[in-house]
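Everything below belongs to data24.cif, which stores mmCIF, C-alpha atoms.
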```
data_work
#
loop_
_atom_site.label_atom_id
_atom_site.label_comp_id
_atom_site.auth_asym_id
_atom_site.auth_seq_id
_atom_site.Cartn_x
_atom_site.Cartn_y
_atom_site.Cartn_z
CA MET A 21 -28.10 36.54 -22.72
CA ALA A 22 -28.12 33.52 -20.45
CA GLN A 23 -25.05 31.34 -20.07
CA ILE A 24 -25.25 27.56 -20.32
CA LEU A 25 -22.71 25.98 -18.00
CA LEU A 26 -21.78 22.32 -18.13
CA MET A 27 -20.04 21.08 -14.99
CA VAL A 28 -18.11 17.97 -15.92
CA GLY A 29 -16.44 15.74 -13.34
CA THR A 30 -13.77 13.41 -14.67
CA GLN A 31 -11.38 10.89 -13.25
CA LYS A 32 -8.62 13.50 -13.32
CA GLY A 33 -10.29 16.80 -12.59
CA ALA A 34 -13.23 19.06 -13.32
CA PHE A 35 -14.03 20.97 -16.48
CA MET A 36 -16.36 23.93 -16.90
CA ILE A 37 -17.77 24.09 -20.41
CA SER A 38 -19.85 27.12 -21.29
CA SER A 39 -21.81 28.64 -24.12
CA ASP A 40 -24.46 31.23 -24.67
CA GLU A 41 -28.01 29.96 -24.94
CA ARG A 42 -27.59 29.21 -28.66
CA ARG A 43 -25.22 26.41 -27.58
CA THR A 44 -23.31 26.45 -30.84
CA THR A 45 -19.81 27.28 -29.61
CA TRP A 46 -18.35 26.05 -26.36
CA GLU A 47 -15.46 27.21 -24.23
CA VAL A 48 -13.72 24.49 -22.22
CA ARG A 49 -11.99 25.50 -18.98
CA GLY A 50 -9.94 23.06 -16.92
CA PRO A 51 -8.73 20.81 -15.56
CA LEU A 52 -9.79 22.26 -12.22
CA LEU A 53 -9.05 20.26 -9.07
CA LYS A 54 -6.43 18.71 -11.30
CA GLY A 55 -5.61 15.08 -10.57
CA TRP A 56 -8.64 14.43 -8.34
CA SER A 57 -11.41 12.13 -9.41
CA VAL A 58 -14.43 14.43 -9.37
CA PHE A 59 -17.58 12.44 -8.71
CA ASP A 60 -20.12 15.24 -8.72
CA ILE A 61 -20.35 19.00 -9.07
CA ALA A 62 -23.49 20.71 -7.82
CA LEU A 63 -24.41 24.34 -8.35
CA ASP A 64 -26.56 25.83 -5.62
CA GLN A 65 -28.51 28.71 -7.12
CA ARG A 66 -30.79 29.36 -4.15
CA GLY A 67 -28.86 32.50 -3.23
CA THR A 68 -25.45 33.73 -4.23
CA PRO A 69 -24.34 30.88 -6.48
CA ALA A 70 -22.03 28.37 -4.85
CA MET A 71 -20.53 25.30 -6.46
CA TYR A 72 -19.72 22.10 -4.56
CA ALA A 73 -17.48 19.28 -5.75
CA GLY A 74 -17.24 15.84 -4.22
CA VAL A 75 -13.84 14.36 -5.02
CA GLY A 76 -11.75 11.34 -4.18
CA HIS A 77 -8.32 9.93 -4.88
CA PHE A 78 -7.08 6.37 -4.52
CA VAL A 79 -4.08 7.57 -2.52
CA TYR A 80 -5.34 10.62 -0.65
CA GLY A 81 -9.01 9.80 -0.01
CA PRO A 82 -12.07 12.00 -0.28
CA ALA A 83 -12.72 15.73 0.04
CA VAL A 84 -15.33 18.38 -0.61
CA HIS A 85 -14.43 21.66 -2.31
CA ILE A 86 -16.45 24.87 -2.63
CA SER A 87 -16.23 27.54 -5.32
CA HIS A 88 -17.87 30.94 -5.13
CA ASP A 89 -16.83 32.06 -8.61
CA LEU A 90 -18.42 29.37 -10.79
CA GLY A 91 -15.48 27.05 -10.57
CA LYS A 92 -12.57 29.41 -11.20
CA THR A 93 -11.13 28.91 -7.72
CA TRP A 94 -11.84 26.26 -5.10
CA GLN A 95 -11.44 25.97 -1.35
CA GLN A 96 -11.29 22.63 0.39
CA VAL A 97 -13.77 22.13 3.23
CA GLU A 98 -12.02 21.46 6.53
CA ASP A 99 -14.94 19.80 8.32
CA ALA A 100 -15.93 17.53 5.43
CA PRO A 101 -18.07 14.37 5.75
CA LYS A 102 -16.33 11.93 8.05
CA TYR A 103 -17.59 8.84 9.83
CA GLU A 104 -17.20 8.75 13.59
CA SER A 105 -18.14 5.06 13.56
CA THR A 106 -16.13 2.15 12.16
CA HIS A 107 -17.40 2.82 8.62
CA LYS A 108 -14.81 4.03 6.15
CA LEU A 109 -15.56 6.98 3.89
CA SER A 110 -13.94 6.37 0.49
CA ASN A 111 -15.65 8.82 -1.82
CA VAL A 112 -18.25 11.58 -1.91
CA TRP A 113 -20.56 10.44 -4.69
CA CYS A 114 -23.23 13.10 -4.90
CA ILE A 115 -24.07 16.48 -3.46
CA GLU A 116 -27.63 17.79 -3.52
CA PRO A 117 -28.60 21.33 -2.56
CA GLY A 118 -31.59 21.29 -0.21
CA ARG A 119 -35.07 22.57 -0.87
CA SER A 120 -35.90 26.21 -1.45
CA ASN A 121 -37.27 26.49 2.10
CA GLU A 122 -34.12 25.19 3.79
CA PRO A 123 -31.42 27.69 2.79
CA GLY A 124 -27.85 26.62 3.44
CA VAL A 125 -28.78 22.94 3.64
CA LEU A 126 -26.98 20.42 1.45
CA TYR A 127 -26.93 16.64 1.41
CA ALA A 128 -24.06 14.37 0.40
CA GLY A 129 -24.20 10.68 -0.48
CA VAL A 130 -21.01 8.74 0.17
CA ASP A 131 -19.20 5.42 -0.08
CA GLU A 132 -19.35 3.47 2.30
CA ALA A 133 -23.00 4.11 1.91
CA GLY A 134 -24.42 6.87 4.04
CA ILE A 135 -25.79 10.37 3.90
CA PHE A 136 -24.42 13.56 5.43
CA VAL A 137 -26.07 16.95 5.84
CA SER A 138 -24.63 20.42 6.03
CA ARG A 139 -26.72 23.22 7.48
CA ASP A 140 -24.23 26.04 6.85
CA SER A 141 -23.65 26.01 3.09
CA GLY A 142 -21.14 23.20 3.11
CA LEU A 143 -18.73 24.37 5.81
CA HIS A 144 -19.59 21.61 8.30
CA TRP A 145 -21.15 18.21 7.73
CA GLU A 146 -22.83 15.73 10.03
CA GLU A 147 -23.84 12.14 9.42
CA LEU A 148 -27.47 11.08 9.43
CA PRO A 149 -26.63 7.78 11.12
CA GLY A 150 -30.06 6.24 10.72
CA LEU A 151 -29.06 5.22 7.21
CA SER A 152 -25.46 4.09 7.67
CA ASN A 153 -26.49 2.18 10.82
CA HIS A 154 -29.68 0.80 9.32
CA PRO A 155 -30.88 -2.52 10.83
CA THR A 156 -30.03 -4.23 7.53
CA ARG A 157 -26.53 -2.69 7.33
CA ASP A 158 -24.62 -5.88 8.17
CA GLU A 159 -26.01 -7.46 5.01
CA TRP A 160 -25.13 -4.66 2.59
CA SER A 161 -22.59 -5.67 -0.05
CA PRO A 162 -20.82 -3.38 -2.51
CA GLY A 163 -21.46 -3.36 -6.25
CA ALA A 164 -18.82 -2.86 -8.93
CA GLY A 165 -18.71 0.86 -8.15
CA GLY A 166 -18.40 0.32 -4.43
CA LEU A 167 -20.94 0.55 -1.61
CA CYS A 168 -22.10 3.92 -2.80
CA CYS A 169 -25.05 6.13 -1.96
CA HIS A 170 -25.32 7.84 -5.32
CA SER A 171 -28.86 9.19 -5.55
CA ILE A 172 -30.57 11.57 -3.15
CA LEU A 173 -34.09 12.71 -3.98
CA LEU A 174 -35.80 15.43 -1.96
CA ASP A 175 -39.56 15.76 -1.74
CA PRO A 176 -40.22 19.45 -2.43
CA ARG A 177 -43.58 19.25 -0.60
CA ASP A 178 -42.34 17.67 2.60
CA ILE A 179 -39.11 18.66 4.32
CA ASN A 180 -39.10 15.35 6.20
CA ARG A 181 -39.30 13.04 3.18
CA MET A 182 -36.44 11.94 0.96
CA TRP A 183 -35.16 8.87 -0.82
CA VAL A 184 -31.68 7.50 -1.38
CA GLY A 185 -30.37 4.91 -3.79
CA ILE A 186 -27.52 2.58 -2.84
CA SER A 187 -25.96 0.30 -5.42
CA ALA A 188 -26.49 -3.42 -4.79
CA VAL A 189 -28.57 -2.58 -1.71
CA GLY A 190 -31.61 -0.66 -2.88
CA VAL A 191 -33.86 2.30 -2.23
CA PHE A 192 -34.63 3.71 1.20
CA ARG A 193 -37.11 6.40 2.18
CA THR A 194 -37.23 8.57 5.27
CA ASP A 195 -40.32 10.40 6.48
CA ASP A 196 -38.64 11.96 9.50
CA ALA A 197 -35.80 13.98 7.96
CA GLY A 198 -33.30 11.15 8.02
CA LYS A 199 -33.74 9.75 11.52
CA THR A 200 -35.16 6.45 10.29
CA TRP A 201 -35.26 4.84 6.86
CA MET A 202 -37.54 2.20 5.40
CA SER A 203 -36.75 -0.12 2.53
CA SER A 204 -38.60 0.92 -0.65
CA ASN A 205 -37.85 -1.98 -2.95
CA ASP A 206 -41.20 -3.70 -3.44
CA GLY A 207 -41.44 -4.73 -7.10
CA LEU A 208 -37.73 -4.43 -7.84
CA GLU A 209 -35.76 -7.52 -8.78
CA ILE A 210 -33.40 -8.78 -6.11
CA VAL A 211 -29.81 -9.12 -7.33
CA CYS A 212 -28.21 -10.34 -4.12
CA ALA A 213 -30.62 -10.80 -1.24
CA GLY A 214 -29.57 -10.32 2.33
CA GLU A 215 -29.34 -13.46 4.43
CA THR A 216 -32.17 -12.43 6.71
CA HIS A 217 -33.38 -9.18 5.15
CA LYS A 218 -35.03 -10.25 1.91
CA ASP A 219 -36.17 -6.74 1.03
CA ILE A 220 -32.68 -5.48 0.24
CA GLY A 221 -30.26 -6.46 -2.47
CA THR A 222 -31.83 -4.63 -5.39
CA CYS A 223 -29.37 -2.67 -7.48
CA VAL A 224 -30.53 0.85 -8.22
CA HIS A 225 -28.16 2.60 -10.61
CA HIS A 226 -29.76 6.04 -10.74
CA MET A 227 -33.04 7.62 -9.66
CA VAL A 228 -34.98 10.73 -10.64
CA ILE A 229 -38.04 12.37 -9.16
CA ASP A 230 -40.85 14.28 -10.80
CA PRO A 231 -40.70 17.70 -9.11
CA ARG A 232 -44.33 18.40 -10.04
CA ASN A 233 -45.62 15.14 -8.62
CA PRO A 234 -43.02 13.82 -6.18
CA ASP A 235 -44.86 10.55 -5.75
CA ARG A 236 -43.59 9.69 -9.23
CA LEU A 237 -40.08 8.22 -9.12
CA PHE A 238 -38.09 6.57 -11.89
CA GLN A 239 -34.98 4.46 -11.80
CA GLN A 240 -32.49 2.80 -14.08
CA ASN A 241 -31.69 -0.41 -12.28
CA HIS A 242 -29.14 -3.15 -12.84
CA ARG A 243 -32.07 -5.36 -13.80
CA GLY A 244 -34.27 -2.98 -15.73
CA LEU A 245 -36.24 0.25 -15.80
CA PHE A 246 -38.77 0.96 -13.09
CA ARG A 247 -41.36 3.56 -12.12
CA SER A 248 -43.15 4.21 -8.87
CA LEU A 249 -46.38 6.17 -8.71
CA ASN A 250 -46.66 6.07 -4.92
CA GLY A 251 -43.44 7.45 -3.51
CA GLY A 252 -41.54 4.22 -3.71
CA ASP A 253 -44.08 2.01 -1.95
CA THR A 254 -44.18 -0.17 -5.07
CA TRP A 255 -42.32 -0.23 -8.38
CA GLU A 256 -43.38 -1.39 -11.85
CA ARG A 257 -41.35 -2.23 -14.94
CA ILE A 258 -41.36 0.29 -17.81
CA GLU A 259 -39.24 -1.31 -20.53
CA ASN A 260 -41.44 -1.08 -23.61
CA GLY A 261 -39.07 -0.45 -26.53
CA ILE A 262 -35.81 -1.06 -24.72
CA PRO A 263 -33.44 -3.64 -26.28
CA ASN A 264 -31.13 -3.89 -23.28
CA ASN A 265 -32.43 -3.15 -19.83
CA PHE A 266 -28.98 -2.60 -18.30
CA GLY A 267 -27.63 0.93 -18.02
CA PHE A 268 -26.72 3.69 -15.65
CA PRO A 269 -27.86 7.28 -16.36
CA MET A 270 -31.40 8.62 -16.44
CA VAL A 271 -32.54 12.23 -16.67
CA MET A 272 -35.88 14.01 -16.80
CA LEU A 273 -36.40 17.25 -18.67
CA PRO A 274 -36.72 20.04 -16.12
CA ASN A 275 -39.69 21.53 -18.00
CA ASP A 276 -41.42 18.30 -19.01
CA SER A 277 -41.90 15.53 -16.47
CA ALA A 278 -43.11 13.08 -19.10
CA THR A 279 -39.82 13.16 -21.02
CA LEU A 280 -36.87 11.14 -19.77
CA TYR A 281 -33.67 9.84 -21.33
CA ILE A 282 -31.51 6.78 -20.74
CA VAL A 283 -28.47 5.22 -22.43
CA PRO A 284 -28.79 1.42 -22.35
CA GLN A 285 -25.70 -0.77 -22.40
CA GLU A 286 -25.27 -4.29 -23.65
CA SER A 287 -25.18 -6.02 -20.26
CA ASP A 288 -23.47 -5.99 -16.89
CA GLU A 289 -20.75 -8.19 -18.37
CA PHE A 290 -19.76 -5.74 -21.11
CA ARG A 291 -20.93 -2.29 -20.00
CA PHE A 292 -20.71 -0.54 -23.33
CA ALA A 293 -23.08 0.32 -26.14
CA ALA A 294 -24.46 -2.83 -27.78
CA ASP A 295 -22.63 -3.49 -31.06
CA GLY A 296 -20.82 -0.19 -30.58
CA ARG A 297 -23.98 1.66 -31.60
CA LEU A 298 -24.24 4.41 -29.05
CA THR A 299 -27.95 5.17 -28.63
CA VAL A 300 -30.01 7.32 -26.32
CA TYR A 301 -33.58 6.24 -25.63
CA ARG A 302 -36.32 8.75 -24.89
CA THR A 303 -39.80 8.46 -23.50
CA THR A 304 -42.27 11.29 -23.95
CA ASN A 305 -45.08 9.59 -22.04
CA GLY A 306 -43.64 9.04 -18.61
CA GLY A 307 -42.05 5.71 -19.36
CA ASN A 308 -44.91 3.94 -21.16
CA SER A 309 -42.75 3.54 -24.27
CA TRP A 310 -39.17 4.34 -25.30
CA HIS A 311 -37.72 5.21 -28.69
CA PRO A 312 -34.12 5.29 -29.95
CA LEU A 313 -32.27 8.51 -30.75
CA ARG A 314 -29.01 8.07 -32.60
CA ASN A 315 -28.89 10.75 -35.28
CA GLY A 316 -25.35 12.06 -35.06
CA LEU A 317 -24.06 9.53 -32.55
CA PRO A 318 -21.08 7.45 -33.68
CA PHE A 319 -20.72 3.87 -34.79
CA ASN A 320 -17.93 1.81 -33.25
CA ALA A 321 -18.46 3.52 -29.92
CA TYR A 322 -17.47 0.92 -27.36
CA VAL A 323 -17.94 3.23 -24.42
CA GLY A 324 -20.26 3.44 -21.47
CA VAL A 325 -22.06 6.32 -19.80
CA LEU A 326 -21.84 6.43 -16.02
CA ARG A 327 -24.81 7.02 -13.75
CA GLN A 328 -24.23 10.74 -13.13
CA ALA A 329 -22.89 11.57 -16.57
CA MET A 330 -26.09 12.82 -18.21
CA ALA A 331 -28.01 16.06 -17.80
CA ALA A 332 -30.73 18.17 -19.40
CA ASP A 333 -31.13 21.92 -19.38
CA SER A 334 -34.25 24.06 -19.00
CA CYS A 335 -34.11 25.85 -22.34
CA ASP A 336 -37.27 26.03 -24.47
CA GLU A 337 -35.54 23.79 -27.00
CA PRO A 338 -34.11 21.43 -24.40
CA GLY A 339 -30.44 20.60 -24.38
CA VAL A 340 -29.46 17.07 -23.41
CA TYR A 341 -25.84 16.22 -22.61
CA PHE A 342 -23.88 13.12 -21.74
CA GLY A 343 -20.25 12.19 -21.22
CA THR A 344 -18.70 8.81 -21.87
CA THR A 345 -16.14 6.60 -20.22
CA GLY A 346 -13.97 7.43 -23.25
CA GLY A 347 -14.02 11.14 -22.42
CA GLN A 348 -16.30 12.38 -25.20
CA ILE A 349 -19.25 14.71 -24.63
CA PHE A 350 -22.28 14.49 -26.89
CA TYR A 351 -25.15 16.93 -26.79
CA SER A 352 -28.40 17.70 -28.49
CA ARG A 353 -29.95 21.14 -28.82
CA ASP A 354 -33.38 19.83 -29.76
CA GLY A 355 -34.25 17.32 -27.11
CA GLY A 356 -32.46 14.45 -28.78
CA GLY A 357 -33.40 14.76 -32.46
CA LYS A 358 -29.84 15.44 -33.50
CA TRP A 359 -26.62 14.87 -31.57
CA GLU A 360 -23.28 16.61 -31.89
CA ALA A 361 -19.87 15.82 -30.44
CA MET A 362 -18.16 18.47 -28.41
CA SER A 363 -14.65 19.29 -29.52
CA CYS A 364 -12.74 17.88 -26.58
CA ALA A 365 -11.24 14.62 -25.35
CA LEU A 366 -11.36 14.47 -21.58
CA PRO A 367 -10.47 11.82 -19.02
CA ARG A 368 -13.14 9.23 -18.19
CA ILE A 369 -16.26 11.23 -17.38
CA ASN A 370 -17.88 10.59 -14.00
CA SER A 371 -20.55 13.27 -13.98
CA VAL A 372 -22.25 15.94 -16.05
CA ARG A 373 -24.54 18.61 -14.71
CA VAL A 374 -25.86 21.66 -16.50
CA ALA A 375 -27.11 25.03 -15.30
CA VAL A 376 -28.66 28.02 -17.01
CA ILE A 377 -27.17 31.13 -15.50
CA GLU A 378 -29.11 34.34 -16.13
CA MET B 9 15.42 26.12 20.62
CA LYS B 10 13.35 23.86 18.37
CA ALA B 11 14.66 23.27 14.87
CA THR B 12 12.72 24.31 11.80
CA THR B 13 12.30 21.44 9.37
CA PRO B 14 11.12 21.61 5.76
CA VAL B 15 8.27 19.36 4.60
CA SER B 16 7.66 18.65 0.92
CA ILE B 17 4.00 18.47 -0.04
CA PRO B 18 2.69 16.67 -3.15
CA MET B 19 1.08 18.92 -5.72
CA LEU B 20 -2.28 17.19 -5.34
CA LEU B 21 -2.48 18.28 -1.71
CA GLY B 22 -1.73 21.92 -2.44
CA ASN B 23 -5.35 22.78 -1.64
CA ALA B 24 -4.62 21.87 1.95
CA THR B 25 -1.57 24.16 2.20
CA SER B 26 -2.81 27.22 0.30
CA GLY B 27 -0.80 26.04 -2.69
CA ALA B 28 2.55 25.67 -0.91
CA ARG B 29 4.71 22.77 -2.13
CA GLU B 30 7.05 23.16 0.80
CA VAL B 31 6.19 24.23 4.34
CA THR B 32 8.22 24.39 7.53
CA VAL B 33 7.39 22.83 10.86
CA SER B 34 8.86 23.02 14.34
CA GLY B 35 9.64 20.22 16.75
CA ALA B 36 12.43 18.55 18.62
CA THR B 37 11.44 15.13 17.27
CA LEU B 38 9.91 13.75 14.11
CA GLN B 39 6.65 13.12 15.98
CA GLU B 40 6.52 16.73 17.16
CA CYS B 41 7.19 17.94 13.63
CA LEU B 42 4.31 15.86 12.24
CA ASP B 43 2.04 17.04 15.04
CA ASP B 44 2.92 20.63 14.15
CA LEU B 45 2.32 19.96 10.46
CA PHE B 46 -1.26 18.85 11.08
CA VAL B 47 -1.90 21.70 13.51
CA GLN B 48 -0.79 24.19 10.88
CA TYR B 49 -2.53 22.43 8.01
CA PRO B 50 -5.38 20.39 9.47
CA MET B 51 -6.84 19.46 6.08
CA LEU B 52 -3.69 17.49 5.30
CA ARG B 53 -4.45 15.00 8.04
CA SER B 54 -7.42 13.35 6.35
CA HIS B 55 -5.38 12.83 3.19
CA VAL B 56 -2.41 11.30 4.98
CA TYR B 57 -4.24 9.23 7.59
CA GLU B 58 -7.38 7.09 7.54
CA GLU B 59 -10.28 7.96 9.85
CA ARG B 60 -8.94 5.61 12.53
CA GLY B 61 -5.48 7.16 12.41
CA GLN B 62 -3.53 4.65 10.31
CA LEU B 63 -1.26 5.98 7.59
CA ARG B 64 -3.08 5.65 4.27
CA ARG B 65 -1.92 2.58 2.39
CA HIS B 66 -0.46 4.40 -0.59
CA VAL B 67 1.00 7.41 1.24
CA LEU B 68 4.67 7.59 2.14
CA ILE B 69 6.16 9.85 4.76
CA LEU B 70 9.90 9.98 4.27
CA PHE B 71 12.26 11.23 6.98
CA ASN B 72 15.27 12.12 4.88
CA ASP B 73 15.59 8.87 2.91
CA GLN B 74 13.87 6.64 5.45
CA ASN B 75 10.35 5.35 5.09
CA THR B 76 8.79 6.24 8.45
CA ARG B 77 6.49 3.23 8.15
CA TRP B 78 9.48 1.07 9.10
CA LEU B 79 10.67 3.18 12.02
CA GLU B 80 10.15 1.66 15.47
CA THR B 81 9.35 5.10 16.87
CA LEU B 82 8.74 8.59 15.59
CA ASN B 83 10.48 10.06 18.63
CA VAL B 84 13.60 10.59 16.57
CA PRO B 85 15.59 13.72 17.39
CA ILE B 86 15.59 16.36 14.68
CA LYS B 87 18.95 17.66 13.44
CA PRO B 88 19.68 20.66 11.24
CA GLY B 89 19.38 19.63 7.58
CA ASP B 90 16.69 17.01 8.16
CA ARG B 91 13.77 16.92 5.73
CA ILE B 92 10.32 15.36 5.70
CA THR B 93 8.65 14.37 2.44
CA ILE B 94 5.05 13.34 1.94
CA MET B 95 4.50 11.52 -1.31
CA GLN B 96 2.43 8.99 -3.15
CA ALA B 97 3.75 5.46 -2.95
CA VAL B 98 4.23 4.20 -6.48
CA SER B 99 3.51 0.49 -6.46
CA GLY B 100 3.10 -0.51 -10.05
CA GLY B 101 2.55 0.99 -13.47
#
```

Would you give me this structure, written as structure tokens?
Amino acid sequence: MAQILLMVGTQKGAFMISSDERRTTWEVRGPLLKGWSVFDIALDQRGTPAMYAGVGHFVYGPAVHISHDLGKTWQQVEDAPKYESTHKLSNVWCIEPGRSNEPGVLYAGVDEAGIFVSRDSGLHWEELPGLSNHPTRDEWSPGAGGLCCHSILLDPRDINRMWVGISAVGVFRTDDAGKTWMSSNDGLEIVCAGETHKDIGTCVHHMVIDPRNPDRLFQQNHRGLFRSLNGGDTWERIENGIPNNFGFPMVMLPNDSATLYIVPQESDEFRFAADGRLTVYRTTNGGNSWHPLRNGLPFNAYVGVLRQAMAADSCDEPGVYFGTTGGQIFYSRDGGGKWEAMSCALPRINSVRVAVIE
Amino acid sequence: MKATTPVSIPMLLGNATSGAREVTVSGATLQECLDDLFVQYPMLRSHVYEERGQLRRHVLILFNDQNTRWLETLNVPIKPGDRITIMQAVSGG
């Protein structure tokens, strides 16, 4: 029977939460990497499974750790992402395993904003300086979460094309494997424009890509929900049914590109569920309309959900999971029809990923 | 003969020392001891120093009871019984 593994990054360590595919009883293991703020945990299943954690600490700085036993033990990477320029690397925000046809390749998005690549399964990392030294770089300003590159999307058709999302700066696309990057913010609302570069200053909070049609991108933005049907050349609003267009997480069902989930928040001033009514919104038509899902979710829930703290599994009856800034995990075993609370109270949850392990 | 000096490591940095909370280093001076520490345990360096080489703002390196941040030089001779401690600076609740 397959194992469902939730990889949960919190402000004070990682937790591995597992179940069989019925997803009725869960075993919680952790804290792993105890004391470190774990921003992201990625499981690379392209070969022998390897798990990668991007961590940071306000005293001791960032690090990358690797596990070859599904998170039981971890080894710190010696040649981790590190700027050779004057930029300062504060945190490793996201780690993305490369495409199926580039074994051993991983990408990492960091704060200060930039992207690093490893070509040897995470042992050594090199900067792709075309992004961190972009011509607009002098006019990048940090958002509340820092100057973070938090989203990396890989085009599965084209090894040279990818997109990144940087908070308070915007979306950039490369068509030459990271050598050069172009702004992809047409149609997005500017939050804080650059002095001379008027095409930056949008605030992408999280992005997802349709793996079946990689020209289709979606993003939860500081100023709304957006969709691109042309690889980021232009964006359009998709907010039909949404009461509050501010939020952070967004996920797409792995087996259904038309179904996505978000968790709106009241506003950028308050950053918790409006009126304490924690609610997930789902679209089943690619963003044309959204509908609330709150069966089983609590009242008086004055918590937020961070940008990487939501995930969906690939089961036939899809599981959807999210963690809150209050340390709770809620999950649905039927695509959002009914929600249950997991029996745990963790530190503030930074990230949630899920894997089905056969 | 160079002295052997103990160095206390904070628990959070145990990943960089294979779990050891105390390691020993060799050197005739404090500077040589620190150099040896980061040769033996290179992953410690990035947690103690910024990319440009400055001591991280909230990290303390104590030489016995002295905060090394206030020493004019790290070329201090090592004596038997000396101890180095790396720790988190606690600056508020």

Within 9 Å of chain A: residues of chain B, using all atoms listed in the file, as an NGL selection string: :B and (20-21 or 23-24 or 26 or 50-51 or 54-60 or 64-67 or 96-97)

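Under the PyMOL selection byres ((chain A and resi 47) around 9), the matching residues in the shown file are Met36, Ile37, Ser38, Ser39, Thr45, Trp46, Val48 and Arg49 of chain A.
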
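Of the residues listed (B:Leu38, B:Met95, B:Leu52, B:Leu45), B:Leu38 shows the shortest atom-to-atom separation from Phe71 of chain B; distances use only C-alpha atoms.
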
Taking the file above as input, evaluate the PyMOL selection byres ((chain A and resi 117-132) around 8) and report the hits as an mmCIF file with C-alpha atoms, keeping the file's coordinate frame.
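So part12.cif came out as:
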```cif
data_model
loop_
_atom_site.group_PDB
_atom_site.id
_atom_site.type_symbol
_atom_site.label_atom_id
_atom_site.label_comp_id
_atom_site.auth_asym_id
_atom_site.auth_seq_id
_atom_site.Cartn_x
_atom_site.Cartn_y
_atom_site.Cartn_z
ATOM 1 C CA ALA A 62 -23.490 20.710 -7.820
ATOM 2 C CA LEU A 63 -24.410 24.340 -8.350
ATOM 3 C CA ASP A 64 -26.560 25.830 -5.620
ATOM 4 C CA ARG A 66 -30.790 29.360 -4.150
ATOM 5 C CA HIS A 107 -17.400 2.820 8.620
ATOM 6 C CA LYS A 108 -14.810 4.030 6.150
ATOM 7 C CA LEU A 109 -15.560 6.980 3.890
ATOM 8 C CA SER A 110 -13.940 6.370 0.490
ATOM 9 C CA ASN A 111 -15.650 8.820 -1.820
ATOM 10 C CA VAL A 112 -18.250 11.580 -1.910
ATOM 11 C CA TRP A 113 -20.560 10.440 -4.690
ATOM 12 C CA CYS A 114 -23.230 13.100 -4.900
ATOM 13 C CA ILE A 115 -24.070 16.480 -3.460
ATOM 14 C CA GLU A 116 -27.630 17.790 -3.520
ATOM 15 C CA ALA A 133 -23.000 4.110 1.910
ATOM 16 C CA GLY A 134 -24.420 6.870 4.040
ATOM 17 C CA ILE A 135 -25.790 10.370 3.900
ATOM 18 C CA PHE A 136 -24.420 13.560 5.430
ATOM 19 C CA VAL A 137 -26.070 16.950 5.840
ATOM 20 C CA SER A 138 -24.630 20.420 6.030
ATOM 21 C CA ARG A 139 -26.720 23.220 7.480
ATOM 22 C CA ASP A 140 -24.230 26.040 6.850
ATOM 23 C CA SER A 141 -23.650 26.010 3.090
ATOM 24 C CA GLY A 142 -21.140 23.200 3.110
ATOM 25 C CA GLY A 166 -18.400 0.320 -4.430
ATOM 26 C CA LEU A 167 -20.940 0.550 -1.610
ATOM 27 C CA CYS A 168 -22.100 3.920 -2.800
ATOM 28 C CA CYS A 169 -25.050 6.130 -1.960
ATOM 29 C CA HIS A 170 -25.320 7.840 -5.320
ATOM 30 C CA SER A 171 -28.860 9.190 -5.550
ATOM 31 C CA ILE A 172 -30.570 11.570 -3.150
ATOM 32 C CA LEU A 174 -35.800 15.430 -1.960
ATOM 33 C CA PRO A 176 -40.220 19.450 -2.430
ATOM 34 C CA ILE A 179 -39.110 18.660 4.320
#
```

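Atom CA of Glu30 of chain B to atom CA of Thr12 of chain B spans 12.4 Å [interatomic distance, one decimal].
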